[in-house]
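Below is upload-v3.cif, holding mmCIF, C-alpha atoms.
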data_input
loop_
_atom_site.label_atom_id
_atom_site.label_comp_id
_atom_site.auth_asym_id
_atom_site.auth_seq_id
_atom_site.Cartn_x
_atom_site.Cartn_y
_atom_site.Cartn_z
CA MET R 1 1.31 -25.93 -22.37
CA MET R 2 3.54 -27.14 -19.56
CA LYS R 3 6.99 -28.16 -20.79
CA THR R 4 8.50 -31.63 -20.72
CA PHE R 5 10.97 -33.67 -22.76
CA SER R 6 9.94 -34.71 -26.24
CA ILE R 7 10.97 -38.37 -26.54
CA GLY R 8 9.48 -41.30 -24.60
CA GLY R 9 8.81 -41.34 -20.88
CA ILE R 10 6.35 -43.07 -18.56
CA HIS R 11 4.06 -42.18 -15.64
CA PRO R 12 4.70 -44.43 -12.62
CA ASN R 13 2.79 -43.79 -9.39
CA ASP R 14 4.45 -41.03 -7.29
CA SER R 15 4.24 -42.85 -3.94
CA LYS R 16 5.68 -39.77 -2.17
CA ILE R 17 4.61 -41.11 1.22
CA SER R 18 7.22 -39.17 3.20
CA LYS R 19 6.74 -35.77 1.52
CA ASP R 20 5.25 -34.17 4.64
CA CYS R 21 7.98 -35.47 6.97
CA PRO R 22 10.28 -32.54 7.94
CA ILE R 23 14.03 -33.07 7.81
CA GLU R 24 15.37 -34.55 11.05
CA VAL R 25 19.03 -34.55 12.10
CA LEU R 26 20.31 -38.05 12.78
CA PRO R 27 22.39 -38.40 15.96
CA VAL R 28 26.02 -39.31 15.32
CA PRO R 29 26.93 -42.98 16.01
CA SER R 30 29.95 -44.03 18.07
CA LYS R 31 31.89 -44.99 14.94
CA VAL R 32 31.86 -44.06 11.24
CA TYR R 33 33.50 -45.59 8.17
CA ILE R 34 34.18 -43.02 5.46
CA SER R 35 34.71 -44.28 1.91
CA VAL R 36 37.37 -42.72 -0.33
CA ALA R 37 35.28 -43.66 -3.41
CA GLN R 38 32.12 -41.59 -3.13
CA HIS R 39 32.41 -39.56 -6.31
CA LEU R 40 32.70 -40.24 -10.03
CA GLY R 41 36.30 -40.75 -11.10
CA ALA R 42 39.41 -41.94 -9.27
CA PRO R 43 39.05 -42.78 -5.56
CA ALA R 44 40.67 -40.23 -3.27
CA THR R 45 43.99 -40.99 -1.57
CA PRO R 46 43.93 -41.19 2.26
CA VAL R 47 46.14 -38.61 4.03
CA VAL R 48 45.53 -39.87 7.57
CA LYS R 49 46.62 -43.04 9.38
CA ALA R 50 45.57 -45.05 12.42
CA GLY R 51 46.05 -43.06 15.60
CA ASP R 52 45.57 -39.62 14.03
CA GLN R 53 43.19 -37.17 15.68
CA VAL R 54 40.71 -35.53 13.30
CA LYS R 55 38.09 -32.79 13.53
CA VAL R 56 34.78 -32.41 11.72
CA GLY R 57 35.47 -30.95 8.28
CA GLN R 58 39.14 -31.95 8.15
CA VAL R 59 40.51 -33.31 4.87
CA ILE R 60 41.19 -37.03 5.27
CA ALA R 61 41.63 -37.98 1.58
CA GLU R 62 42.84 -35.97 -1.42
CA PRO R 63 41.84 -36.21 -5.12
CA ALA R 64 43.82 -38.79 -7.10
CA GLY R 65 43.11 -37.31 -10.54
CA PHE R 66 41.37 -34.56 -12.48
CA ILE R 67 38.01 -36.30 -12.04
CA SER R 68 38.20 -36.90 -8.29
CA ALA R 69 37.24 -35.08 -5.10
CA TYR R 70 38.37 -34.27 -1.58
CA VAL R 71 36.91 -36.32 1.26
CA HIS R 72 36.49 -34.80 4.73
CA SER R 73 35.87 -36.25 8.15
CA SER R 74 32.23 -36.01 9.17
CA VAL R 75 33.08 -36.45 12.86
CA SER R 76 35.79 -35.62 15.37
CA GLY R 77 37.76 -38.38 17.01
CA THR R 78 40.54 -40.89 16.46
CA VAL R 79 41.30 -42.72 13.22
CA LYS R 80 41.20 -46.39 14.12
CA SER R 81 42.08 -47.91 10.75
CA VAL R 82 42.45 -47.29 7.02
CA GLY R 83 41.63 -50.30 4.91
CA PRO R 84 39.12 -52.30 2.86
CA ARG R 85 35.47 -52.55 3.82
CA LYS R 86 32.52 -53.70 1.76
CA ASP R 87 30.27 -51.12 0.12
CA LEU R 88 26.52 -51.58 -0.44
CA ALA R 89 27.17 -53.82 -3.47
CA GLY R 90 29.57 -56.00 -1.46
CA ASN R 91 32.74 -54.73 -3.15
CA ASN R 92 35.87 -54.00 -1.12
CA VAL R 93 36.60 -50.26 -1.02
CA THR R 94 39.08 -48.36 1.15
CA HIS R 95 37.38 -46.78 4.16
CA ILE R 96 38.69 -44.61 6.97
CA GLU R 97 37.35 -45.86 10.30
CA ILE R 98 36.96 -43.18 12.99
CA ASP R 99 35.99 -43.55 16.65
CA VAL R 100 33.74 -40.59 17.49
CA GLU R 101 34.90 -38.36 20.36
CA GLY R 102 32.93 -35.15 20.79
CA ASP R 103 31.97 -32.86 17.91
CA GLU R 104 34.86 -30.46 17.36
CA TRP R 105 34.92 -28.67 13.99
CA VAL R 106 37.84 -27.24 12.06
CA GLU R 107 38.35 -23.50 12.35
CA GLY R 108 36.63 -21.10 9.96
CA VAL R 109 33.33 -22.95 9.64
CA ASP R 110 30.15 -20.90 10.11
CA LEU R 111 27.49 -23.10 11.71
CA THR R 112 24.95 -20.32 12.27
CA ASP R 113 21.62 -20.14 10.43
CA THR R 114 22.33 -16.59 9.21
CA LEU R 115 21.70 -16.38 5.45
CA VAL R 116 24.70 -14.99 3.56
CA THR R 117 23.47 -13.44 0.31
CA GLU R 118 26.48 -11.46 -0.97
CA ILE R 119 27.97 -13.25 -3.98
CA PRO R 120 31.81 -13.40 -3.94
CA GLU R 121 33.49 -11.45 -6.74
CA ASP R 122 36.50 -13.74 -7.27
CA ASP R 123 35.25 -16.61 -9.46
CA LYS R 124 38.57 -18.44 -9.31
CA ALA R 125 38.54 -18.41 -5.51
CA THR R 126 34.90 -19.56 -5.54
CA LEU R 127 35.72 -22.54 -7.75
CA GLU R 128 38.69 -23.42 -5.55
CA LYS R 129 36.49 -23.37 -2.46
CA ILE R 130 33.92 -25.64 -4.14
CA LYS R 131 36.75 -28.01 -5.03
CA MET R 132 38.40 -27.91 -1.61
CA CYS R 133 35.05 -28.59 0.09
CA GLY R 134 34.59 -31.77 -1.96
CA VAL R 135 31.29 -30.73 -3.55
CA VAL R 136 29.97 -33.28 -6.06
CA GLY R 137 26.74 -33.61 -8.00
CA LEU R 138 24.01 -35.02 -5.73
CA GLY R 139 21.57 -36.00 -8.45
CA GLY R 140 23.04 -39.50 -8.75
CA ALA R 141 26.29 -39.38 -10.74
CA THR R 142 28.36 -37.55 -8.04
CA PHE R 143 30.47 -35.80 -10.70
CA PRO R 144 32.88 -33.28 -9.09
CA ALA R 145 31.03 -29.94 -9.20
CA HIS R 146 34.06 -27.73 -9.81
CA VAL R 147 34.84 -29.61 -13.03
CA LYS R 148 31.32 -29.22 -14.38
CA LEU R 149 31.44 -25.50 -13.55
CA CYS R 150 34.53 -25.04 -15.77
CA PRO R 151 33.35 -25.46 -19.38
CA PRO R 152 36.17 -26.52 -21.75
CA PRO R 153 37.76 -23.92 -24.05
CA GLY R 154 35.44 -22.97 -26.89
CA SER R 155 32.32 -23.86 -24.90
CA LYS R 156 30.00 -21.39 -23.21
CA ALA R 157 27.24 -21.92 -20.69
CA GLU R 158 24.00 -20.44 -21.98
CA CYS R 159 21.80 -21.78 -19.19
CA LEU R 160 22.32 -23.20 -15.70
CA ILE R 161 19.57 -25.71 -14.95
CA LEU R 162 18.83 -26.73 -11.38
CA ASN R 163 17.22 -30.14 -11.22
CA GLY R 164 14.34 -30.13 -8.76
CA ALA R 165 12.29 -32.72 -10.64
CA GLU R 166 12.88 -35.65 -8.24
CA CYS R 167 10.86 -37.81 -10.61
CA GLU R 168 11.79 -41.14 -8.96
CA PRO R 169 8.85 -42.59 -7.01
CA TYR R 170 9.10 -42.51 -3.19
CA LEU R 171 12.08 -40.12 -2.91
CA THR R 172 11.33 -36.84 -1.12
CA SER R 173 14.69 -35.51 0.12
CA ASP R 174 15.05 -32.91 -2.65
CA TYR R 175 11.42 -31.89 -2.11
CA ARG R 176 12.07 -31.25 1.57
CA ILE R 177 15.21 -29.16 1.03
CA MET R 178 13.37 -27.07 -1.59
CA ILE R 179 10.76 -26.28 1.07
CA GLU R 180 13.06 -25.93 4.08
CA ARG R 181 16.26 -24.53 2.51
CA SER R 182 14.89 -22.71 -0.53
CA ARG R 183 16.79 -19.45 -0.03
CA GLU R 184 20.13 -21.22 0.40
CA ILE R 185 19.49 -23.15 -2.83
CA VAL R 186 18.83 -19.89 -4.69
CA VAL R 187 22.04 -18.34 -3.32
CA GLY R 188 23.91 -21.44 -4.51
CA ALA R 189 22.35 -21.01 -7.95
CA ALA R 190 23.45 -17.37 -8.07
CA ILE R 191 27.01 -18.37 -7.13
CA MET R 192 27.19 -20.99 -9.89
CA LYS R 193 25.52 -18.66 -12.39
CA LYS R 194 28.18 -16.02 -11.76
CA VAL R 195 31.03 -18.54 -12.06
CA LEU R 196 29.58 -19.62 -15.42
CA GLY R 197 29.67 -16.06 -16.75
CA GLY R 198 26.25 -14.78 -15.74
CA CYS R 199 24.03 -17.04 -17.86
CA PRO R 200 20.34 -17.40 -16.95
CA ALA R 201 19.45 -20.02 -14.31
CA VAL R 202 16.26 -22.09 -14.39
CA ILE R 203 15.04 -24.21 -11.48
CA GLY R 204 12.98 -27.01 -13.01
CA ILE R 205 10.35 -28.60 -10.72
CA GLU R 206 7.58 -31.03 -11.67
CA GLU R 207 3.97 -29.88 -11.38
CA ASN R 208 3.19 -32.52 -8.71
CA LYS R 209 5.26 -30.49 -6.20
CA PRO R 210 3.25 -27.24 -5.93
CA GLU R 211 4.55 -26.49 -2.41
CA ALA R 212 8.15 -26.70 -3.64
CA ILE R 213 7.36 -24.52 -6.67
CA LYS R 214 5.79 -21.94 -4.34
CA ALA R 215 8.69 -22.00 -1.85
CA MET R 216 11.36 -21.70 -4.53
CA SER R 217 9.46 -18.96 -6.41
CA GLU R 218 9.07 -16.94 -3.20
CA ALA R 219 12.77 -17.36 -2.38
CA VAL R 220 13.78 -16.16 -5.86
CA ALA R 221 11.46 -13.13 -5.61
CA GLU R 222 12.72 -12.24 -2.12
CA LEU R 223 16.39 -12.37 -3.07
CA GLN R 224 15.87 -10.50 -6.33
CA ALA R 225 14.18 -7.74 -4.35
CA THR R 226 16.71 -7.51 -1.52
CA ALA R 227 20.15 -8.49 -2.84
CA LYS R 228 22.41 -8.08 -5.87
CA GLY R 229 23.35 -10.80 -8.34
CA TYR R 230 20.04 -12.66 -8.47
CA GLU R 231 18.65 -11.37 -11.76
CA GLY R 232 18.07 -14.01 -14.44
CA ILE R 233 16.99 -16.76 -12.02
CA SER R 234 13.53 -18.27 -12.55
CA VAL R 235 11.43 -21.27 -11.55
CA MET R 236 9.88 -23.42 -14.27
CA SER R 237 6.98 -25.78 -13.59
CA LEU R 238 7.37 -28.95 -15.66
CA LYS R 239 4.86 -31.58 -16.67
CA LYS R 240 5.07 -34.71 -14.53
CA LYS R 241 6.83 -37.42 -16.52
CA TYR R 242 9.57 -39.91 -15.71
CA PRO R 243 12.58 -39.63 -16.19
CA GLN R 244 12.31 -35.82 -16.19
CA GLY R 245 15.29 -35.61 -13.83
CA GLY R 246 17.61 -37.20 -16.39
CA GLU R 247 20.17 -34.62 -17.44
CA LYS R 248 19.46 -34.79 -21.16
CA GLN R 249 15.71 -34.99 -20.62
CA LEU R 250 15.76 -31.90 -18.40
CA ILE R 251 17.75 -29.95 -20.99
CA ASP R 252 15.17 -30.91 -23.63
CA ALA R 253 12.32 -29.84 -21.35
CA VAL R 254 13.82 -26.51 -20.27
CA MET R 255 15.76 -25.41 -23.36
CA GLY R 256 14.13 -27.41 -26.15
CA ARG R 257 17.56 -28.71 -27.17
CA GLN R 258 18.68 -32.31 -27.54
CA VAL R 259 22.19 -33.50 -26.73
CA LYS R 260 23.53 -35.67 -29.56
CA SER R 261 24.71 -39.24 -29.04
CA GLY R 262 27.92 -39.22 -27.04
CA GLY R 263 27.67 -35.48 -26.47
CA LEU R 264 27.91 -33.52 -23.23
CA PRO R 265 25.29 -31.01 -21.98
CA ILE R 266 27.72 -28.12 -22.56
CA SER R 267 27.63 -28.95 -26.29
CA VAL R 268 24.15 -27.36 -26.33
CA GLY R 269 25.09 -24.64 -23.84
CA ALA R 270 23.68 -26.32 -20.73
CA VAL R 271 25.10 -26.99 -17.27
CA VAL R 272 22.88 -29.08 -15.01
CA GLN R 273 23.19 -29.30 -11.22
CA ASN R 274 20.87 -30.83 -8.64
CA VAL R 275 19.13 -28.59 -6.08
CA ALA R 276 20.99 -30.47 -3.32
CA THR R 277 24.27 -29.65 -5.07
CA SER R 278 23.26 -25.98 -5.09
CA LEU R 279 22.70 -26.17 -1.33
CA ALA R 280 26.14 -27.80 -0.92
CA VAL R 281 27.69 -24.99 -3.01
CA TYR R 282 26.06 -22.41 -0.74
CA GLU R 283 27.40 -24.11 2.38
CA ALA R 284 30.89 -24.47 0.88
CA VAL R 285 31.26 -20.92 -0.47
CA GLN R 286 29.29 -18.91 2.09
CA LYS R 287 29.83 -21.01 5.24
CA ASN R 288 33.10 -22.91 4.59
CA ILE R 289 31.27 -26.18 5.30
CA PRO R 290 32.60 -29.16 3.30
CA LEU R 291 30.22 -31.76 1.88
CA ILE R 292 29.91 -34.12 4.83
CA THR R 293 26.10 -34.26 5.08
CA ASN R 294 23.13 -34.85 2.83
CA VAL R 295 19.43 -35.69 3.20
CA MET R 296 18.04 -39.18 2.63
CA THR R 297 14.53 -40.61 2.61
CA VAL R 298 13.58 -43.69 4.64
CA THR R 299 10.33 -44.98 3.18
CA GLY R 300 8.29 -47.82 1.72
CA ASP R 301 4.66 -48.94 1.53
CA CYS R 302 5.34 -51.54 4.23
CA LEU R 303 6.72 -48.90 6.62
CA PRO R 304 4.31 -47.35 9.17
CA MET R 305 3.74 -43.62 8.77
CA GLU R 306 5.50 -42.86 12.05
CA ASN R 307 8.63 -44.56 10.68
CA GLN R 308 8.74 -42.55 7.45
CA HIS R 309 11.61 -40.05 7.58
CA ASN R 310 13.73 -37.51 5.75
CA TYR R 311 17.04 -37.59 7.59
CA LYS R 312 20.01 -35.26 7.49
CA PHE R 313 22.91 -37.69 7.87
CA ARG R 314 26.67 -37.48 8.08
CA ILE R 315 28.71 -39.51 5.62
CA GLY R 316 30.10 -42.74 7.01
CA MET R 317 27.05 -43.78 9.04
CA PRO R 318 26.26 -47.52 8.72
CA LEU R 319 22.97 -48.10 6.91
CA SER R 320 22.00 -50.62 9.61
CA TYR R 321 22.33 -47.83 12.20
CA ILE R 322 20.03 -45.56 10.19
CA ALA R 323 17.50 -48.35 9.73
CA GLU R 324 17.47 -48.96 13.48
CA GLU R 325 17.11 -45.25 14.27
CA ALA R 326 14.11 -45.16 11.91
CA GLY R 327 12.34 -47.94 13.79
CA GLY R 328 13.88 -51.06 12.28
CA ILE R 329 13.38 -52.96 9.04
CA PRO R 330 9.71 -53.89 8.55
CA GLU R 331 8.90 -57.59 8.57
CA ASP R 332 7.30 -57.45 5.13
CA ALA R 333 10.42 -55.97 3.49
CA VAL R 334 12.31 -58.45 1.31
CA LYS R 335 14.53 -55.94 -0.51
CA VAL R 336 16.17 -52.68 0.50
CA ILE R 337 17.02 -50.19 -2.25
CA SER R 338 19.49 -47.31 -2.24
CA GLY R 339 17.79 -44.77 -4.49
CA GLY R 340 14.40 -45.04 -6.14
CA PRO R 341 12.65 -48.16 -7.46
CA MET R 342 13.42 -47.29 -11.09
CA MET R 343 17.15 -46.51 -11.04
CA GLY R 344 18.19 -47.43 -7.50
CA LYS R 345 20.45 -50.33 -6.57
CA ALA R 346 19.62 -53.22 -4.26
CA ILE R 347 21.64 -53.13 -1.05
CA ALA R 348 23.57 -56.37 -0.60
CA ASN R 349 25.24 -55.24 2.61
CA LEU R 350 23.40 -53.21 5.26
CA GLU R 351 26.67 -52.73 7.14
CA ALA R 352 27.76 -50.51 4.24
CA THR R 353 27.88 -46.83 5.08
CA THR R 354 26.44 -43.62 3.69
CA VAL R 355 28.33 -41.68 1.04
CA LYS R 356 27.83 -38.17 -0.31
CA GLY R 357 25.25 -39.31 -2.86
CA SER R 358 23.16 -41.56 -0.59
CA SER R 359 19.51 -40.70 -1.17
CA SER R 360 17.31 -43.34 0.45
CA LEU R 361 16.56 -46.55 2.23
CA LEU R 362 13.54 -47.85 0.32
CA TYR R 363 11.83 -51.01 1.59
CA LEU R 364 10.04 -53.18 -0.96
CA THR R 365 7.79 -56.19 -0.35
CA ALA R 366 7.79 -59.54 -2.13
CA GLU R 367 4.72 -58.48 -4.10
CA GLN R 368 6.54 -55.35 -5.32
CA THR R 369 9.72 -57.14 -6.33
CA VAL R 370 8.51 -60.37 -7.93
CA ARG R 371 8.85 -60.36 -11.70
CA GLY R 372 6.34 -61.76 -14.11
CA VAL R 373 7.18 -64.85 -16.12
CA GLU R 374 9.15 -63.90 -19.23
CA SER R 375 7.53 -64.66 -22.56
CA ALA R 376 8.50 -64.06 -26.19
CA CYS R 377 8.80 -60.53 -27.54
CA ILE R 378 5.66 -59.68 -29.52
CA ARG R 379 7.24 -56.65 -31.26
CA CYS R 380 4.63 -54.33 -29.83
CA GLY R 381 7.11 -51.45 -29.72
CA LYS R 382 6.06 -50.23 -26.26
CA CYS R 383 9.66 -50.28 -25.04
CA ALA R 384 10.76 -48.08 -27.95
CA GLU R 385 7.86 -45.68 -27.37
CA ALA R 386 8.87 -45.34 -23.70
CA CYS R 387 12.64 -44.96 -24.21
CA PRO R 388 13.59 -41.32 -23.49
CA MET R 389 16.82 -41.71 -25.49
CA GLY R 390 15.03 -42.80 -28.68
CA LEU R 391 16.59 -46.29 -28.61
CA GLU R 392 14.97 -49.57 -29.65
CA PRO R 393 15.31 -51.81 -26.58
CA PHE R 394 13.73 -54.83 -28.29
CA LEU R 395 16.47 -54.67 -30.94
CA LEU R 396 19.26 -54.12 -28.40
CA ASN R 397 17.95 -57.10 -26.46
CA ARG R 398 18.26 -59.33 -29.53
CA TYR R 399 21.78 -58.09 -30.32
CA ALA R 400 22.90 -58.51 -26.71
CA ARG R 401 21.61 -62.07 -26.43
CA ASN R 402 23.57 -62.91 -29.58
CA ASN R 403 26.73 -61.08 -28.46
CA MET R 404 26.60 -58.75 -31.50
CA MET R 405 28.85 -55.96 -30.20
CA ASP R 406 29.23 -54.02 -33.45
CA GLU R 407 25.47 -53.85 -33.93
CA LEU R 408 24.97 -52.79 -30.30
CA GLU R 409 27.39 -49.90 -30.74
CA GLU R 410 25.87 -48.88 -34.08
CA ASN R 411 22.47 -48.72 -32.39
CA ALA R 412 23.87 -46.59 -29.53
CA VAL R 413 23.48 -48.96 -26.58
CA GLN R 414 26.10 -46.72 -24.89
CA ASP R 415 23.50 -43.92 -24.76
CA CYS R 416 21.20 -45.91 -22.47
CA ILE R 417 20.64 -44.01 -19.19
CA GLU R 418 19.38 -47.15 -17.42
CA CYS R 419 16.11 -45.50 -16.43
CA GLY R 420 14.07 -48.71 -16.62
CA CYS R 421 11.30 -47.32 -18.84
CA CYS R 422 11.65 -50.27 -21.22
CA LEU R 423 11.33 -52.87 -18.47
CA TYR R 424 8.37 -51.01 -16.95
CA SER R 425 6.57 -50.96 -20.31
CA CYS R 426 7.22 -54.51 -21.54
CA PRO R 427 4.09 -56.72 -21.53
CA ALA R 428 6.26 -59.80 -22.10
CA ASN R 429 8.20 -59.25 -18.84
CA ILE R 430 11.53 -59.39 -20.68
CA PRO R 431 14.37 -58.20 -18.37
CA LEU R 432 15.37 -55.55 -20.90
CA LEU R 433 17.12 -53.26 -18.44
CA ASP R 434 19.35 -56.02 -17.02
CA ILE R 435 20.35 -57.30 -20.44
CA ILE R 436 20.96 -53.86 -21.94
CA ARG R 437 22.90 -52.62 -18.87
CA ILE R 438 25.38 -55.49 -19.15
CA ALA R 439 25.70 -55.05 -22.91
CA LYS R 440 26.26 -51.31 -22.46
CA GLY R 441 29.14 -51.96 -20.07
CA ASP R 442 30.75 -54.39 -22.52
CA VAL R 443 30.46 -51.96 -25.43
CA ILE R 444 31.88 -49.05 -23.41
CA ARG R 445 34.89 -51.18 -22.45
CA ILE R 446 35.45 -51.98 -26.14
CA ILE R 447 35.21 -48.27 -27.08
CA ARG R 448 37.76 -47.34 -24.38
CA THR R 449 40.30 -49.84 -25.66
CA ARG R 450 40.45 -47.90 -28.96
CA LYS R 451 41.57 -44.69 -27.28
#

Representation of the structure as structure tokens:
Amino acid sequence: MMKTFSIGGIHPNDSKISKDCPIEVLPVPSKVYISVAQHLGAPATPVVKAGDQVKVGQVIAEPAGFISAYVHSSVSGTVKSVGPRKDLAGNNVTHIEIDVEGDEWVEGVDLTDTLVTEIPEDDKATLEKIKMCGVVGLGGATFPAHVKLCPPPGSKAECLILNGAECEPYLTSDYRIMIERSREIVVGAAIMKKVLGGCPAVIGIEENKPEAIKAMSEAVAELQATAKGYEGISVMSLKKKYPQGGEKQLIDAVMGRQVKSGGLPISVGAVVQNVATSLAVYEAVQKNIPLITNVMTVTGDCLPMENQHNYKFRIGMPLSYIAEEAGGIPEDAVKVISGGPMMGKAIANLEATTVKGSSSLLYLTAEQTVRGVESACIRCGKCAEACPMGLEPFLLNRYARNNMMDELEENAVQDCIECGCCLYSCPANIPLLDIIRIAKGDVIRIIRTRK
């Protein structure tokens, strides 16, 4: 039987409209705005000022804490300003504005397509390079990769899991890199596996992506036959179920272990990285290329097929520029989402710019976004059946509406992964996700005040 996680889950329509669209390289605009807050943790501190000349790959902001990351220039040119600019949610965040002049890279970067398969021996130097290149998790949380690859004392990695599930409807960027950059992803996995002490590595991909499973399996077989350091890497086909790409759900599916409430994946011996992160690790360690690009999907049912794209972009590109390059915003679109329809965020400001973790421009129509009229909870239990964290959303909803913070914490609202399974399943159209997300934030703030 094909493996999957054991608690909850739903089966939304795939809608992978852009899956057959090869990755295209977006031309660089005349100006970029690079955020210093594009990773989990403290925003980076700018180390450049107006008037400075910068090259592609140059450090322009340094980590401001243990959980923070380097930020590099994605272009060459002149720094015009360093100051506040609104992000996609409309919040003011420090950005570094750069006028683009040519495309001159810092020294030491290898821009050739030659595959480098030899795994470096010095693990400490490898981790330092991953850190210095600003690599973060590209599965959504953008957690600094070098931190996750250093288990705390007393903990040991028993399995490195590469997340190739891409279970969110519409998104196809991970799918495309698994097909087009499969060997580089496997080299990245081997690098991380070695840093973690040589534990096995499993690349988990859902069954609805047979081409990706084939490409990754062939890449693993080729490298195991021709190079050293690739033993113990395998590809696992997983049953299609959302949210399979959730960290804890993927661990359950691959290892059959469940992370306890409040626990970290390493508590059960797991380290999870996205396939795009593995590609970024390859480029950082083998090519000295910092994380200044990623791949995003431009898609939607209201978008003509010729305007569906998987774009390789540089960080700092305005979303409005990308939309225009892709053929413009369709007339029927009433909402633009960054991410997928289940866990993505509505874009309030199209002049916001891409960050390391940008994954899509998803256009939704009025018919797709209108919510049904809310009615009373009928205690059917469908939300609890669907919750992949084993929570009882109907109960959390009642506690949240009555501001019962102690009860919310006792019933683990802080464990909610905001996947939207409860909202998707509710026949009464209760906005469970919205209510629980706000309550979760309040409870986490209360918990932090005790520390």

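Residues matching the PyMOL selection byres ((chain R and resi 213) around 10) in this structure come to R:Gly164, R:Tyr175, R:Met178, R:Ile179, R:Ser182, R:Ile203, R:Gly204, R:Ile205, R:Glu206, R:Glu207, R:Asn208, R:Lys209, R:Pro210, R:Glu211, R:Ala212, R:Lys214, R:Ala215, R:Met216, R:Ser217, R:Glu218, R:Ala219, R:Val235, R:Met236, R:Ser237.
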
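Reported to one decimal place, the separation of CA of Leu350 in chain R from CA of Asp52 in chain R is 27.4 Å.
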
message: When you look at Ile436 in chain R with a cut-off of 9 Å (counting all atoms listed in the file), what residues show up, excluding the ones that are within fewer than 2 positions of it in the same chain? I need them as a list in words.
response: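 With the cut-off at 9 Å, the set is Pro393, Leu396, Asn397, Ala400, Val413, Cys416, Glu418, Pro431, Leu432, Leu433, Asp434, Ile438, Ala439, Lys440 and Gly441 of chain R.
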
The residue from R:Val271, R:Ala61, R:Ala280, R:Ile177 with the smallest atom-to-atom distance to Leu149 in chain R, counting only C-alpha atoms, is R:Val271

For the structure shown, which residues end up in the PyMOL selection byres ((chain R and resi 259) around 12)? Put them as a ChimeraX atom specification, please? /R:5,246-253,255-258,260-271,389-390,415

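One distance worth recording is that between CA of Gln38 in chain R and CA of Asp103 in chain R, which is 22.8 Å.
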
Closest to Cys421 in chain R among R:Ile185, R:Ile7, R:Ala227, R:Ala376, using all atoms listed in the file?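 Among R:Ile185, R:Ile7, R:Ala227, R:Ala376, it is R:Ile7 that comes nearest to Cys421 in chain R.
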
Residue contacts of Thr226 in chain R (12 Å, only C-alpha atoms) excluding same-chain residues fewer than 5 positions away, as a PDB file with C-alpha atoms, in the frame of the given file:
ATOM      1  CA  THR R 117      23.470 -13.440   0.310  1.00  0.00           C
ATOM      2  CA  GLU R 118      26.480 -11.460  -0.970  1.00  0.00           C
ATOM      3  CA  ALA R 219      12.770 -17.360  -2.380  1.00  0.00           C
ATOM      4  CA  VAL R 220      13.780 -16.160  -5.860  1.00  0.00           C
ATOM      5  CA  ALA R 221      11.460 -13.130  -5.610  1.00  0.00           C
ATOM      6  CA  GLU R 231      18.650 -11.370 -11.760  1.00  0.00           C
TER       7      GLU R 231
END

Expressed in Å, the length from CA of Val59 in chain R to CA of Ser358 in chain R is 20.0 Å

Per residue of range 1-72 of chain R within 10 Å of range 306-312 of chain R, note the shortest atom pair and the distance in Å to one decimal, counting only C-alpha atoms, and order the rows by chain and increasing residue number, as a tab-separated table.
residue	atom	partner	partner_atom	distance
R:Ile17	CA	R:Gln308	CA	7.6
R:Ser18	CA	R:Gln308	CA	5.6
R:Lys19	CA	R:Asn310	CA	8.4
R:Asp20	CA	R:His309	CA	9.1
R:Cys21	CA	R:His309	CA	5.9
R:Pro22	CA	R:Asn310	CA	6.4
R:Ile23	CA	R:Asn310	CA	4.9
R:Glu24	CA	R:Tyr311	CA	4.9
R:Val25	CA	R:Lys312	CA	4.8
R:Leu26	CA	R:Lys312	CA	6.0
R:Pro27	CA	R:Lys312	CA	9.3

TODO: Could you check which of R:Ile444, R:Ile233, R:Leu138, R:Ile96 is closest to Val295 in chain R, using all atoms listed in the file?
DONE: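 Counting all atoms listed in the file, the residue closest to Val295 in chain R is R:Leu138.
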
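Closest to Pro200 in chain R among R:Gly232, R:Pro29, R:Pro12, R:Gly188 is R:Gly232, based on only C-alpha atoms.
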
- prompt: Quick one: of R:Phe394, R:Tyr363, R:Tyr282, R:Phe313, who's nearest to Val116 in chain R, counting all atoms listed in the file?
  reply: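 Checking each candidate against Val116 in chain R, we get R:Tyr282 as the closest.
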
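Each of R:Ile98, R:Lys194, R:Ser338, R:Glu392 was checked against Thr126 in chain R using all atoms listed in the file; the smallest atom-to-atom distance is that of R:Lys194.
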
Original post:
Any chance you could work out the residue set of the PyMOL selection byres ((chain R and resi 109) around 6) here, as a ChimeraX atom specification?
Top reply: /R:107-108,110,287-289

Margin query: The residues within 9 Å of (17.0, -22.0, 6.7), using only C-alpha atoms and the coordinates of the file, should be reported as a PyMOL selection string; which are they?
Written below: chain R and resi 113-115+180-184

Query raised in the report: Contacts of Ser15 in chain R at 8 Å or less, counting all atoms listed in the file, minus same-chain residues fewer than 2 places along, as a PyMOL selection string?
Result: chain R and resi 13+17+169-170

For the residues in the current selection, export C-alpha atoms as a short mmCIF file (atom, residue, chain, number, x, y, z; two decimals), keeping the file's coordinate frame.
data_model
loop_
_atom_site.label_atom_id
_atom_site.label_comp_id
_atom_site.auth_asym_id
_atom_site.auth_seq_id
_atom_site.Cartn_x
_atom_site.Cartn_y
_atom_site.Cartn_z
CA ASN R 13 2.79 -43.79 -9.39
CA ILE R 17 4.61 -41.11 1.22
CA PRO R 169 8.85 -42.59 -7.01
CA TYR R 170 9.10 -42.51 -3.19
#
